[in-house]
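Chemist: My file is input00.tsv. It has TSV, C-alpha atoms and all ligand atoms:
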chain	number	residue	atom	x	y	z
E	1125	MET	CA	-21.43	18.40	34.69
E	1126	TYR	CA	-22.58	22.06	34.66
E	1127	PRO	CA	-21.01	24.70	36.93
E	1128	LYS	CA	-23.12	25.68	39.95
E	1129	ASP	CA	-25.76	28.37	39.28
E	1130	SER	CA	-25.85	27.73	35.50
E	1131	VAL	CA	-28.99	28.95	33.73
E	1132	ALA	CA	-30.43	27.20	30.67
E	1133	LEU	CA	-33.26	28.38	28.41
E	1134	VAL	CA	-35.42	26.07	26.30
E	1135	THR	CA	-38.03	27.45	23.89
E	1136	GLY	CA	-41.02	25.31	22.96
E	1137	ALA	CA	-40.50	23.43	26.22
E	1138	ALA	CA	-44.10	22.50	27.07
E	1139	THR	CA	-43.86	19.11	25.36
E	1140	GLY	CA	-41.80	16.81	23.13
E	1141	ILE	CA	-38.08	17.37	22.57
E	1142	GLY	CA	-38.18	20.74	24.35
E	1143	TYR	CA	-39.71	19.33	27.52
E	1144	ALA	CA	-37.26	16.41	27.59
E	1145	THR	CA	-34.39	18.87	27.12
E	1146	ALA	CA	-35.61	21.14	29.92
E	1147	LEU	CA	-35.83	18.11	32.23
E	1148	ALA	CA	-32.33	16.98	31.21
E	1149	PHE	CA	-30.90	20.47	31.93
E	1150	ALA	CA	-32.57	20.39	35.35
E	1151	LYS	CA	-31.11	16.94	36.09
E	1152	ALA	CA	-27.68	18.25	35.03
E	1153	GLY	CA	-27.93	20.91	37.75
E	1154	CYS	CA	-29.14	23.95	35.78
E	1155	ARG	CA	-31.87	26.38	36.70
E	1156	VAL	CA	-34.15	26.19	33.68
E	1157	VAL	CA	-36.14	28.89	31.91
E	1158	VAL	CA	-39.03	26.91	30.49
E	1159	SER	CA	-40.62	28.88	27.66
E	1160	ASP	CA	-43.50	28.13	25.30
E	1161	ARG	CA	-46.33	29.97	23.58
E	1162	ASP	CA	-48.77	27.57	25.30
E	1163	ALA	CA	-48.91	29.06	28.81
E	1164	LYS	CA	-51.11	26.35	30.35
E	1165	ARG	CA	-48.98	23.37	29.31
E	1166	GLY	CA	-45.80	25.40	29.81
E	1167	GLU	CA	-46.69	26.15	33.44
E	1168	GLN	CA	-47.41	22.44	34.00
E	1169	ALA	CA	-44.04	21.52	32.48
E	1170	ALA	CA	-42.26	24.09	34.66
E	1171	GLU	CA	-43.98	22.69	37.74
E	1172	ALA	CA	-42.46	19.25	37.05
E	1173	ILE	CA	-39.06	20.80	36.34
E	1174	ARG	CA	-39.13	22.85	39.56
E	1175	ALA	CA	-39.47	19.57	41.49
E	1176	ILE	CA	-35.94	18.76	40.23
E	1177	SER	CA	-34.47	22.27	40.02
E	1178	PRO	CA	-36.36	24.65	42.34
E	1179	GLY	CA	-34.99	27.89	40.85
E	1180	SER	CA	-36.59	27.22	37.46
E	1181	ILE	CA	-39.24	29.54	35.98
E	1182	PHE	CA	-41.82	29.60	33.17
E	1183	VAL	CA	-41.99	32.51	30.74
E	1184	ALA	CA	-44.67	32.57	28.04
E	1185	CYS	CA	-43.28	33.53	24.63
E	1186	ASP	CA	-44.29	33.10	21.01
E	1187	VAL	CA	-40.92	33.14	19.23
E	1188	ALA	CA	-42.54	34.59	16.10
E	1189	VAL	CA	-43.27	37.86	17.95
E	1190	PRO	CA	-40.18	40.08	18.35
E	1191	GLU	CA	-41.54	41.97	21.40
E	1192	GLN	CA	-42.20	38.69	23.22
E	1193	VAL	CA	-38.73	37.38	22.40
E	1194	ALA	CA	-37.16	40.59	23.72
E	1195	ALA	CA	-39.30	40.41	26.88
E	1196	LEU	CA	-38.32	36.76	27.47
E	1197	HIS	CA	-34.61	37.59	27.41
E	1198	ARG	CA	-35.12	40.73	29.53
E	1199	LYS	CA	-36.84	38.54	32.11
E	1200	ILE	CA	-33.86	36.15	32.12
E	1201	ALA	CA	-31.42	39.04	32.57
E	1202	ASP	CA	-33.52	40.57	35.38
E	1203	THR	CA	-34.10	37.27	37.20
E	1204	PHE	CA	-30.74	35.55	36.86
E	1205	GLY	CA	-28.31	38.09	35.40
E	1206	ARG	CA	-26.78	35.37	33.24
E	1207	LEU	CA	-27.51	32.83	30.50
E	1208	ASP	CA	-25.20	29.84	30.10
E	1209	ALA	CA	-27.09	27.61	27.68
E	1210	ALA	CA	-29.94	28.12	25.23
E	1211	CYS	CA	-31.80	25.55	23.20
E	1212	ASN	CA	-33.86	27.10	20.40
E	1213	ASN	CA	-36.36	24.30	19.96
E	1214	ALA	CA	-39.74	25.92	19.23
E	1215	GLY	CA	-40.88	24.82	15.80
E	1216	ILE	CA	-43.79	23.63	13.70
E	1217	GLU	CA	-44.07	21.23	10.77
E	1218	GLY	CA	-46.68	23.22	8.83
E	1219	GLU	CA	-48.95	21.73	6.21
E	1220	GLN	CA	-47.89	18.82	4.00
E	1221	ALA	CA	-48.05	19.57	0.27
E	1222	PRO	CA	-45.65	19.51	-2.68
E	1223	THR	CA	-43.91	22.78	-3.47
E	1224	ALA	CA	-46.33	23.99	-6.16
E	1225	ASP	CA	-49.23	23.51	-3.72
E	1226	CYS	CA	-47.53	25.01	-0.65
E	1227	THR	CA	-49.47	28.17	0.17
E	1228	LEU	CA	-47.71	31.44	0.82
E	1229	GLU	CA	-49.49	31.59	4.17
E	1230	ASN	CA	-48.05	28.21	5.20
E	1231	PHE	CA	-44.60	29.12	3.91
E	1232	ASP	CA	-44.57	32.41	5.85
E	1233	ARG	CA	-45.91	30.80	9.03
E	1234	VAL	CA	-43.28	28.01	9.05
E	1235	ILE	CA	-40.39	30.32	8.18
E	1236	GLY	CA	-41.73	32.90	10.68
E	1237	ILE	CA	-41.43	30.46	13.59
E	1238	ASN	CA	-38.69	27.98	12.63
E	1239	LEU	CA	-36.20	30.38	11.03
E	1240	ARG	CA	-37.13	34.02	11.77
E	1241	GLY	CA	-38.22	33.18	15.33
E	1242	LEU	CA	-35.03	31.24	15.99
E	1243	PHE	CA	-32.99	34.12	14.54
E	1244	LEU	CA	-34.73	36.58	16.89
E	1245	CYS	CA	-33.95	34.36	19.89
E	1246	MET	CA	-30.35	33.79	18.89
E	1247	LYS	CA	-29.75	37.55	18.48
E	1248	GLU	CA	-30.84	38.16	22.08
E	1249	GLN	CA	-28.84	35.21	23.39
E	1250	LEU	CA	-25.65	36.28	21.62
E	1251	LYS	CA	-26.04	39.79	23.02
E	1252	MET	CA	-26.18	38.30	26.52
E	1253	MET	CA	-23.49	35.65	26.09
E	1254	ALA	CA	-20.78	37.57	24.22
E	1255	PRO	CA	-20.09	40.05	27.07
E	1256	GLN	CA	-20.04	37.11	29.54
E	1257	LYS	CA	-17.34	35.50	27.36
E	1258	ARG	CA	-19.23	32.28	27.99
E	1259	GLY	CA	-22.23	30.46	26.60
E	1260	ALA	CA	-23.52	27.72	24.34
E	1261	ILE	CA	-26.47	27.64	21.98
E	1262	VAL	CA	-28.03	24.58	20.37
E	1263	ASN	CA	-30.53	25.11	17.57
E	1264	LEU	CA	-33.07	22.53	16.51
E	1265	ALA	CA	-32.58	21.87	12.82
E	1266	SER	CA	-33.54	18.47	11.36
E	1267	VAL	CA	-32.35	15.86	8.90
E	1268	ALA	CA	-34.73	17.84	6.66
E	1269	GLY	CA	-32.13	20.63	6.84
E	1270	LEU	CA	-29.43	18.29	5.51
E	1271	VAL	CA	-31.24	16.28	2.81
E	1272	GLY	CA	-34.45	16.83	0.86
E	1273	PHE	CA	-37.86	15.56	1.97
E	1274	ALA	CA	-40.88	15.60	-0.32
E	1275	GLY	CA	-44.04	17.38	0.82
E	1276	LEU	CA	-42.54	19.76	3.38
E	1277	PRO	CA	-40.93	22.56	1.34
E	1278	ALA	CA	-41.23	25.33	3.94
E	1279	TYR	CA	-40.06	23.04	6.74
E	1280	CYS	CA	-37.01	21.86	4.73
E	1281	ALA	CA	-36.14	25.45	3.78
E	1282	SER	CA	-36.47	26.62	7.39
E	1283	LYS	CA	-34.27	23.84	8.75
E	1284	GLY	CA	-31.62	24.31	6.03
E	1285	GLY	CA	-31.62	27.97	7.04
E	1286	VAL	CA	-31.15	27.02	10.70
E	1287	VAL	CA	-28.04	24.99	9.81
E	1288	GLN	CA	-26.51	27.96	7.99
E	1289	LEU	CA	-27.48	30.51	10.67
E	1290	THR	CA	-25.79	28.21	13.17
E	1291	LYS	CA	-22.54	27.95	11.22
E	1292	GLY	CA	-22.30	31.68	10.56
E	1293	ALA	CA	-22.93	32.63	14.21
E	1294	ALA	CA	-20.45	29.97	15.37
E	1295	LEU	CA	-17.71	31.69	13.36
E	1296	GLU	CA	-18.70	35.17	14.51
E	1297	TYR	CA	-18.72	34.35	18.24
E	1298	ALA	CA	-15.98	31.70	18.53
E	1299	GLU	CA	-13.45	34.21	19.86
E	1300	ALA	CA	-15.95	35.38	22.46
E	1301	ASN	CA	-16.09	31.76	23.74
E	1302	VAL	CA	-19.74	31.38	22.71
E	1303	ARG	CA	-20.37	28.07	20.95
E	1304	VAL	CA	-23.25	27.59	18.51
E	1305	ASN	CA	-24.27	24.15	17.26
E	1306	ALA	CA	-27.33	22.54	15.70
E	1307	VAL	CA	-28.84	19.12	16.15
E	1308	CYS	CA	-30.53	17.43	13.20
E	1309	PRO	CA	-32.88	14.75	14.50
E	1310	GLY	CA	-34.42	12.03	12.36
E	1311	ALA	CA	-38.03	11.16	13.16
E	1312	ILE	CA	-38.53	11.41	16.92
E	1313	LYS	CA	-41.70	10.08	18.51
E	1314	THR	CA	-43.51	13.25	19.63
E	1315	GLU	CA	-46.88	14.92	19.09
E	1316	MET	CA	-45.38	16.48	15.93
E	1317	ILE	CA	-44.62	13.07	14.42
E	1318	ASP	CA	-48.03	11.76	15.55
E	1319	ARG	CA	-49.65	14.64	13.62
E	1320	ILE	CA	-47.71	13.59	10.51
E	1321	THR	CA	-48.22	9.78	10.77
E	1322	HIS	CA	-51.70	10.06	12.34
E	1323	GLN	CA	-50.40	7.13	14.44
E	1324	ASP	CA	-51.23	4.82	11.54
E	1325	PRO	CA	-49.19	1.60	12.13
E	1326	ALA	CA	-48.23	1.21	8.45
E	1327	THR	CA	-47.05	4.82	8.23
E	1328	GLU	CA	-45.14	4.49	11.50
E	1329	GLN	CA	-43.48	1.34	10.13
E	1330	ALA	CA	-42.45	3.28	7.02
E	1331	PHE	CA	-41.01	6.02	9.24
E	1332	ASN	CA	-39.08	3.40	11.25
E	1333	ALA	CA	-37.62	2.06	8.02
E	1334	LEU	CA	-36.27	5.49	7.02
E	1335	HIS	CA	-33.57	4.93	9.67
E	1336	PRO	CA	-30.86	2.26	9.28
E	1337	MET	CA	-31.48	1.44	12.96
E	1338	MET	CA	-35.06	0.60	11.90
E	1339	ARG	CA	-36.76	2.70	14.55
E	1340	MET	CA	-37.62	6.28	15.37
E	1341	GLY	CA	-35.59	8.13	17.99
E	1342	THR	CA	-36.68	9.08	21.48
E	1343	VAL	CA	-36.89	12.57	22.95
E	1344	GLN	CA	-34.33	11.48	25.56
E	1345	GLU	CA	-31.76	10.67	22.87
E	1346	VAL	CA	-32.07	14.19	21.44
E	1347	ALA	CA	-32.17	15.88	24.85
E	1348	ASP	CA	-29.01	14.09	26.00
E	1349	THR	CA	-27.19	15.26	22.85
E	1350	ILE	CA	-28.29	18.88	23.40
E	1351	VAL	CA	-27.27	18.88	27.07
E	1352	PHE	CA	-23.88	17.42	26.10
E	1353	LEU	CA	-23.33	20.02	23.34
E	1354	CYS	CA	-24.06	22.87	25.79
E	1355	SER	CA	-21.88	21.39	28.54
E	1356	PRO	CA	-18.22	22.10	29.38
E	1357	GLN	CA	-17.49	18.56	28.08
E	1358	ALA	CA	-18.13	19.90	24.55
E	1359	SER	CA	-15.92	22.97	25.00
E	1360	PHE	CA	-14.12	22.67	21.61
E	1361	ILE	CA	-17.21	21.83	19.54
E	1362	THR	CA	-18.81	24.69	17.60
E	1363	GLY	CA	-20.40	25.22	14.19
E	1364	GLN	CA	-21.59	21.62	13.91
E	1365	ALA	CA	-24.89	20.31	12.57
E	1366	LEU	CA	-25.01	16.95	14.33
E	1367	ALA	CA	-27.42	14.33	13.00
E	1368	VAL	CA	-29.21	12.34	15.71
E	1369	ASP	CA	-30.87	10.03	13.27
E	1370	GLY	CA	-30.01	6.34	13.67
E	1371	GLY	CA	-27.74	6.62	10.61
E	1372	MET	CA	-30.29	8.10	8.17
E	1373	VAL	CA	-28.07	10.66	6.46
E	1374	ALA	CA	-25.01	8.36	6.45
E	1375	ARG	CA	-26.43	6.42	3.47
J	1	LIG	N1	-40.19	15.21	16.23
J	1	LIG	C1	-39.37	15.08	15.22
J	1	LIG	O1	-39.35	14.05	14.53
J	1	LIG	C2	-38.40	16.17	14.88
J	1	LIG	C3	-37.38	15.87	13.97
J	1	LIG	C4	-36.47	16.86	13.64
J	1	LIG	C5	-36.57	18.11	14.21
J	1	LIG	N2	-37.57	18.39	15.08
J	1	LIG	C6	-37.64	19.73	15.61
J	1	LIG	O2	-37.57	19.68	17.02
J	1	LIG	C7	-38.35	20.75	17.58
J	1	LIG	C8	-39.36	20.18	18.56
J	1	LIG	O3	-40.16	19.21	17.88
J	1	LIG	P1	-41.24	18.31	18.65
J	1	LIG	O4	-41.41	17.10	17.83
J	1	LIG	O5	-40.91	18.20	20.08
J	1	LIG	O6	-42.54	19.25	18.44
J	1	LIG	P2	-43.94	19.28	19.22
J	1	LIG	O7	-44.92	19.80	18.24
J	1	LIG	O8	-44.20	17.97	19.86
J	1	LIG	O9	-43.68	20.40	20.36
J	1	LIG	C9	-43.35	21.71	19.96
J	1	LIG	C10	-43.49	22.68	21.13
J	1	LIG	O10	-43.14	23.98	20.63
J	1	LIG	C11	-44.15	24.91	20.97
J	1	LIG	N3	-44.23	25.95	19.95
J	1	LIG	C12	-44.65	25.84	18.66
J	1	LIG	N4	-44.61	27.03	18.05
J	1	LIG	C13	-44.13	27.91	18.97
J	1	LIG	C14	-43.87	29.30	18.93
J	1	LIG	N5	-44.14	30.04	17.85
J	1	LIG	N6	-43.35	29.88	20.04
J	1	LIG	C15	-43.11	29.17	21.15
J	1	LIG	N7	-43.39	27.85	21.25
J	1	LIG	C16	-43.88	27.24	20.17
J	1	LIG	C17	-45.44	24.09	21.05
J	1	LIG	O11	-46.41	24.74	21.87
J	1	LIG	C18	-44.92	22.78	21.67
J	1	LIG	O12	-44.89	22.84	23.07
J	1	LIG	C19	-38.96	21.49	16.40
J	1	LIG	O13	-38.15	22.59	16.04
J	1	LIG	C20	-38.93	20.44	15.30
J	1	LIG	O14	-38.94	21.00	14.01
J	1	LIG	C21	-38.48	17.44	15.42
Output the structure of this file as structure tokens.
Ligand SMILES: NC(=O)c1ccc[n+]([C@@H]2O[C@H](COP(=O)([O-])OP(=O)(O)OC[C@H]3O[C@@H](n4cnc5c(N)ncnc54)[C@H](O)[C@@H]3O)[C@@H](O)[C@H]2O)c1

Modeler:
Amino acid sequence: MYPKDSVALVTGAATGIGYATALAFAKAGCRVVVSDRDAKRGEQAAEAIRAISPGSIFVACDVAVPEQVAALHRKIADTFGRLDAACNNAGIEGEQAPTADCTLENFDRVIGINLRGLFLCMKEQLKMMAPQKRGAIVNLASVAGLVGFAGLPAYCASKGGVVQLTKGAALEYAEANVRVNAVCPGAIKTEMIDRITHQDPATEQAFNALHPMMRMGTVQEVADTIVFLCSPQASFITGQALAVDGGMVAR
């Protein structure tokens, strides 16, 4: 599926969607750069991924810190001399409160990671991929970047911003053969969703019912979509914000 020696980066890859995506890249034959701000869990994740793809490495990086983002991409250039696929997945949900009660601190923290951090990563990736005349980026947006959700103003704003950053970059780098897409998952059963539902059965049932398919998605369903969008099989797809949401935004 992926050409031999391909290198794929996943940020926020210690757990959840990022970990599943890193595993899926490894199974598709890529050497994976597993990155996360949590070094302990990130190293553990990379250990499991190396069992499938031995050339894979872990690099600690908080995407909100420009120096760390620059160092991460320098490490990729020094180690592999190439970057074929990048999944900008690191993100947080922030605190739940209606807009008037959303603190400036929460707003800045969520935007700083989900939007500014993703922008910093994408800048570095585009600088590496454009001269190669090859590469694919998938950004983690959300259905919350396509339609409104009450109680998560900073998160919605950050994910709407990710969709637009994606489309603009896709246009800018199309001629350089660098594709840029976003995925917009519905609710996917991860630690993030558990923090929001508190694993309360009634709340989980309400989350299931948000989707016409009457269930939440799995990390595998999102990971498979990301690995497809970065693969040569998706070679004419760029600038898309693809919902992976059991039909939620089709209503
Ligand atoms: N789970 C969902 O329902 C859902 C739905 C739509 C979109 N998303 C998006 O998918 C992405 C992954 O979500 P998840 O549910 O797997 O989350 P999660 O909280 O389960 O895992 C997130 C991972 O990102 C890492 N991380 C957080 N901030 C970071 C930072 N500043 N720098 C580097 N790493 C950082 C964490 O350490 C963790 O390993 C996020 O961008 C999220 O907004 C999730």

Chemist: Set up a box along x, y and z of the file covering all listed atoms of range 1220-1234 of chain E, add 4 Å on every one of the six sides, and write the centre and edge lengths in Å to one decimal, as lines of an AutoDock Vina configuration file.

Modeler:
center_x = -46.4
center_y = 25.6
center_z = 1.4
size_x = 14.2
size_y = 21.6
size_z = 23.2

Chemist: Check every protein, DNA and RNA residue against ligand LIG 1 (chain J), keep those with an atom at most 7 Å away (counting all atoms listed in the file), and present them as an MDAnalysis selection string.

Modeler: chainID E and resid 1135:1142 1159:1162 1185:1188 1213:1217 1237:1238 1264:1267 1308:1317

Chemist: Within 8 Å of range 1240-1244 of chain E, counting all atoms listed in the file, which residues show up once you throw out same-chain ones fewer than 4 positions away? Write them as a PDB file with C-alpha atoms, in the coordinates of the input, please.

Modeler:
ATOM      1  CA  VAL E1187     -40.920  33.140  19.230  1.00  0.00           C
ATOM      2  CA  ALA E1188     -42.540  34.590  16.100  1.00  0.00           C
ATOM      3  CA  VAL E1189     -43.270  37.860  17.950  1.00  0.00           C
ATOM      4  CA  PRO E1190     -40.180  40.080  18.350  1.00  0.00           C
ATOM      5  CA  VAL E1193     -38.730  37.380  22.400  1.00  0.00           C
ATOM      6  CA  ASN E1212     -33.860  27.100  20.400  1.00  0.00           C
ATOM      7  CA  ALA E1214     -39.740  25.920  19.230  1.00  0.00           C
ATOM      8  CA  ILE E1235     -40.390  30.320   8.180  1.00  0.00           C
ATOM      9  CA  GLY E1236     -41.730  32.900  10.680  1.00  0.00           C
ATOM     10  CA  GLU E1248     -30.840  38.160  22.080  1.00  0.00           C
ATOM     11  CA  ASN E1263     -30.530  25.110  17.570  1.00  0.00           C
ATOM     12  CA  VAL E1286     -31.150  27.020  10.700  1.00  0.00           C
ATOM     13  CA  LEU E1289     -27.480  30.510  10.670  1.00  0.00           C
TER      14      LEU E1289
END

Chemist: Could you tell me which of E:Val1157, E:Ala1293, E:Leu1196, E:Ala1175 comes closest to Cys1211 in chain E if we count only C-alpha atoms?

Modeler: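 Counting only C-alpha atoms, the residue closest to Cys1211 in chain E is E:Val1157.
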
Chemist: Looking at E:Gln1344, E:Asp1225, E:Gln1256, E:Ala1365, which one is nearest to Val1287 in chain E, with distances taken over all atoms listed in the file?

Modeler: E:Ala1365

Chemist: List the spatial neighbours of range 1163-1170 of chain E as a VMD selection string - criterion: any atom at most 7 Å away, only C-alpha atoms, same-chain residues fewer than 5 positions off excluded.

Modeler: chain E and resid 1137 to 1138 1143 1158 1181 to 1182 1184
